[in-house]
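Take a look at the structure set out below.
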Amino acid sequence: MKFNYQARNKKGETQTGVIEASSREAAAQLLSRHDLYVTLLEEEKATHVFSKRLAFFDRVSVRDIMLFSRQLSIMFQSRVSLVEALQVLGSQMRNSSFKEKIFEISESVEGGTAFSAAIEKYPALFSSFYVNMVKSGEASGTLSGVLEYLAEHLEREYYLSSKIKGALVYPSFIVFVALAVLFLMMYFVIPNMSKVLESTGAELPAITKAVLWLAWFTRAWGWILFLLSGVGVFLVFRYAQTKAGKRFFSILSLNTPSLNQFLQMIYLSRFAENLSTLIAGGLPIVQCLDITANIIGNDVYKDIVEEAREEVKKGSKISQVLQKYPAQFPPVFTQMVFVGEKSGTLDKSLMSVVRFYQKEVEGAVEKLLSVLEPALIVVLGLLVGGMMASVMLPLYNMASL
């Protein structure tokens, strides 16, 4: 929020300006710390409603959290106090929603709350992994290093996500253009050609009749089809947000050929890195497994990790649970966990696995996309070409008579 203020300094001189804070009380406290006696403090009403509307769309992204962590780590290394660093980052943050929350965190920390406790109030922004890593950094006095690691961790995830999204732009464009061409053919081209075919009185092939019927249906009921498609997508999206939906799509994704191997590498890498980092941070193994289970991103893997957590409580080893699920945790992975547990260097063993799988994931992304693009072009070309051939074939036969 922005506030217009009027205040007097120690010399009795009047000063006016604009200050940003999460509340009126916070703004007054900020001015007081600068030895200013506030005589007038008003919120900027003109932009308040507009800002609130924008905040609805102003979502905090992984990139925002990543940059925040990186900048906070750098300022920490430069001996800037946590409160001052948060205030500086808050004032420079363009995302209004994140800006407000940073100011609120700053006020909490200034009031004596631990940084980890302050960010724990915002689970939508800071995951349990993030919060617990900060807690371990506070306890060990290595918060700067922890923040630097978190920034690198988020950068790796952001880089992979951006690479996949960026590489899918061209295939998505191909699909969009092909669907647009198919729609135009069904709605305009084929109906006009059907008049020519019907005027000949010749017997049409079954495939031609099917295409003509599809064109007629698209023109007559296309708007209903479009509406039902929209409703269907919405319902699927809503179902995917439910507990049953998440489980269904988790199982489906791991049973989809080609995609399952790629996703398995991502989940194994995520499991190994998160667990390794939390163990290295000094957290109890049961708590490490609990946090990892909630952020692994797939219900099938979550169930296995939760089972491992319960078995560890009873005195069992993690590797003993993982070896029961060779489809999700390959024997080589389980063996590395076993060696780490036996030697007392589980965090290091897991991190070596992480480095291996990160390279595998990057290679798999490039391989998957190198196959996807030409496959899409071939499939869509066959669809469009087959449709045109089904209509042109009767005309060609008539011309050859």
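Residues in the structure tokens are numbered from 1 in each chain, the chains being A, B, ... in the order shown, and ligands are numbered from 1 in the order shown.
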Report as a PyMOL selection string all protein, DNA and RNA residues lying within 8 Å of segment 206-221 of chain A, evaluated on only C-alpha atoms, omitting residues in the same chain fewer than 3 positions from it. chain A and resi 186-187+190-191+194+224-225+387+390-391
Can I get the selected residues back with C-alpha atoms, as a PDB file, in the first residue's frame?
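The result, written out as selection-v1.pdb:
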ATOM      1  CA  MET A 186     -14.834 -28.276 -42.292  1.00  0.00           C
ATOM      2  CA  TYR A 187     -16.760 -25.019 -42.065  1.00  0.00           C
ATOM      3  CA  ILE A 190     -15.734 -29.010 -47.739  1.00  0.00           C
ATOM      4  CA  PRO A 191     -19.409 -27.830 -47.575  1.00  0.00           C
ATOM      5  CA  SER A 194     -20.029 -31.268 -51.197  1.00  0.00           C
ATOM      6  CA  ILE A 224     -22.426 -26.728 -29.180  1.00  0.00           C
ATOM      7  CA  LEU A 225     -19.287 -28.805 -29.721  1.00  0.00           C
ATOM      8  CA  MET A 387      -9.288 -35.205 -45.412  1.00  0.00           C
ATOM      9  CA  SER A 390     -11.182 -38.155 -49.299  1.00  0.00           C
ATOM     10  CA  VAL A 391     -12.952 -35.230 -50.981  1.00  0.00           C
TER      11      VAL A 391
END
Could you give me, as a PyMOL selection string, each residue of segment 19-241 of chain A that DSSP assigns to strand (DSSP E or B) when run on this structure's backbone? chain A and resi 19-20+37-43
Mind pulling up the distance from atom CA of Ile65 of chain A to atom CA of Gly137 of chain A? 17.5 Å
Which residues come within 12 Å of Lys246 of chain A, counting only C-alpha atoms, excluding same-chain residues fewer than 4 positions away, as a ChimeraX atom specification? /A:236-242,250-253,297-300,302
Sorted by chain and rising residue number, which residues of segment 123-185 of chain A lie within 12 Å of segment 280-288 of chain A, and what are their closest atom pairs and distances in Å to one decimal, counting only C-alpha atoms, as JSON lines?
{"residue": "A:Ser128", "atom": "CA", "partner": "A:Cys288", "partner_atom": "CA", "distance": 10.3}
{"residue": "A:Phe129", "atom": "CA", "partner": "A:Cys288", "partner_atom": "CA", "distance": 8.7}
{"residue": "A:Tyr130", "atom": "CA", "partner": "A:Gly281", "partner_atom": "CA", "distance": 11.6}
{"residue": "A:Val131", "atom": "CA", "partner": "A:Gly281", "partner_atom": "CA", "distance": 11.9}
{"residue": "A:Asn132", "atom": "CA", "partner": "A:Leu283", "partner_atom": "CA", "distance": 8.3}
{"residue": "A:Met133", "atom": "CA", "partner": "A:Gly281", "partner_atom": "CA", "distance": 6.7}
{"residue": "A:Val134", "atom": "CA", "partner": "A:Gly281", "partner_atom": "CA", "distance": 9.3}
{"residue": "A:Lys135", "atom": "CA", "partner": "A:Gly281", "partner_atom": "CA", "distance": 9.0}
{"residue": "A:Ser136", "atom": "CA", "partner": "A:Gly281", "partner_atom": "CA", "distance": 5.5}
{"residue": "A:Gly137", "atom": "CA", "partner": "A:Gly281", "partner_atom": "CA", "distance": 7.3}
{"residue": "A:Glu138", "atom": "CA", "partner": "A:Gly281", "partner_atom": "CA", "distance": 10.4}
{"residue": "A:Ala139", "atom": "CA", "partner": "A:Gly282", "partner_atom": "CA", "distance": 9.3}
{"residue": "A:Ser140", "atom": "CA", "partner": "A:Gly281", "partner_atom": "CA", "distance": 8.4}
{"residue": "A:Gly141", "atom": "CA", "partner": "A:Gly281", "partner_atom": "CA", "distance": 11.2}
{"residue": "A:Thr142", "atom": "CA", "partner": "A:Gly281", "partner_atom": "CA", "distance": 9.7}
{"residue": "A:Leu143", "atom": "CA", "partner": "A:Gly281", "partner_atom": "CA", "distance": 10.8}
{"residue": "A:Gly145", "atom": "CA", "partner": "A:Gly281", "partner_atom": "CA", "distance": 11.0}
{"residue": "A:Val146", "atom": "CA", "partner": "A:Gly281", "partner_atom": "CA", "distance": 8.8}
{"residue": "A:Tyr149", "atom": "CA", "partner": "A:Gly281", "partner_atom": "CA", "distance": 11.3}
What residues in segment 141-360 of chain A get the DSSP label alpha helix (DSSP H)? Please answer as a PyMOL selection string. chain A and resi 143-167+169-184+190-200+206-241+243-254+259-280+285-295+299-313+318-322+331-343+346-360
Nearest-residue call for Ala375 of chain A, choices A:Val175, A:Met336, A:Val62, A:Ala27, using only C-alpha atoms: A:Val175
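Take atom CA of Arg247 of chain A and atom CA of Asn294 of chain A: the distance between them is 13.6 Å.
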Neighbouring residues of Arg355 of chain A were defined as those with any atom within 12 Å, considering only C-alpha atoms; residues of the same chain fewer than 6 positions away were excluded. Please report them as a PyMOL selection string. chain A and resi 156+265-266+268-270+272-273+276+348-349+361-362
Long-range neighbours of segment 102-114 of chain A as number ranges by chain, 10 Å cut-off, only C-alpha atoms, 2 positions minimum in chain: A: 1, 20-23, 26, 29-30, 68, 82-91, 93, 96-100, 116-122, 134-135, 138
Those residues with C-alpha atoms, as a JSON list (two decimals), in the first residue's frame please?
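This is the output file selection.json:
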[["chain", "number", "residue", "atom", "x", "y", "z"],
["A", 1, "MET", "CA", 0.00, 0.00, 0.00],
["A", 20, "GLU", "CA", 4.99, 2.15, 1.02],
["A", 21, "ALA", "CA", 3.94, -0.21, 3.83],
["A", 22, "SER", "CA", 1.56, -3.09, 4.45],
["A", 23, "SER", "CA", -0.68, -1.02, 6.76],
["A", 26, "ALA", "CA", 3.43, 0.08, 9.68],
["A", 29, "GLN", "CA", 6.35, 3.17, 12.47],
["A", 30, "LEU", "CA", 8.63, 3.50, 9.45],
["A", 68, "PHE", "CA", 14.04, -12.80, -3.85],
["A", 82, "LEU", "CA", 17.71, -8.90, 7.62],
["A", 83, "VAL", "CA", 15.08, -6.24, 8.33],
["A", 84, "GLU", "CA", 16.84, -3.65, 6.18],
["A", 85, "ALA", "CA", 17.37, -6.16, 3.37],
["A", 86, "LEU", "CA", 13.68, -7.09, 3.39],
["A", 87, "GLN", "CA", 12.62, -3.44, 3.31],
["A", 88, "VAL", "CA", 14.93, -2.71, 0.37],
["A", 89, "LEU", "CA", 13.72, -5.77, -1.56],
["A", 90, "GLY", "CA", 10.11, -4.91, -0.76],
["A", 91, "SER", "CA", 10.48, -1.36, -2.06],
["A", 93, "MET", "CA", 9.63, -5.48, -5.92],
["A", 96, "SER", "CA", 2.44, -5.69, -5.80],
["A", 97, "SER", "CA", 1.15, -8.85, -4.10],
["A", 98, "PHE", "CA", 4.66, -10.07, -3.25],
["A", 99, "LYS", "CA", 5.73, -6.54, -2.28],
["A", 100, "GLU", "CA", 3.00, -6.35, 0.36],
["A", 116, "SER", "CA", 11.38, -18.87, 9.26],
["A", 117, "ALA", "CA", 8.26, -18.29, 11.39],
["A", 118, "ALA", "CA", 7.45, -15.12, 9.43],
["A", 119, "ILE", "CA", 7.56, -16.81, 6.02],
["A", 120, "GLU", "CA", 5.75, -19.89, 7.35],
["A", 121, "LYS", "CA", 2.57, -17.77, 7.38],
["A", 122, "TYR", "CA", 2.62, -17.83, 3.56],
["A", 134, "VAL", "CA", 15.61, -21.55, 6.58],
["A", 135, "LYS", "CA", 15.04, -22.96, 10.09],
["A", 138, "GLU", "CA", 18.98, -20.00, 11.48]]
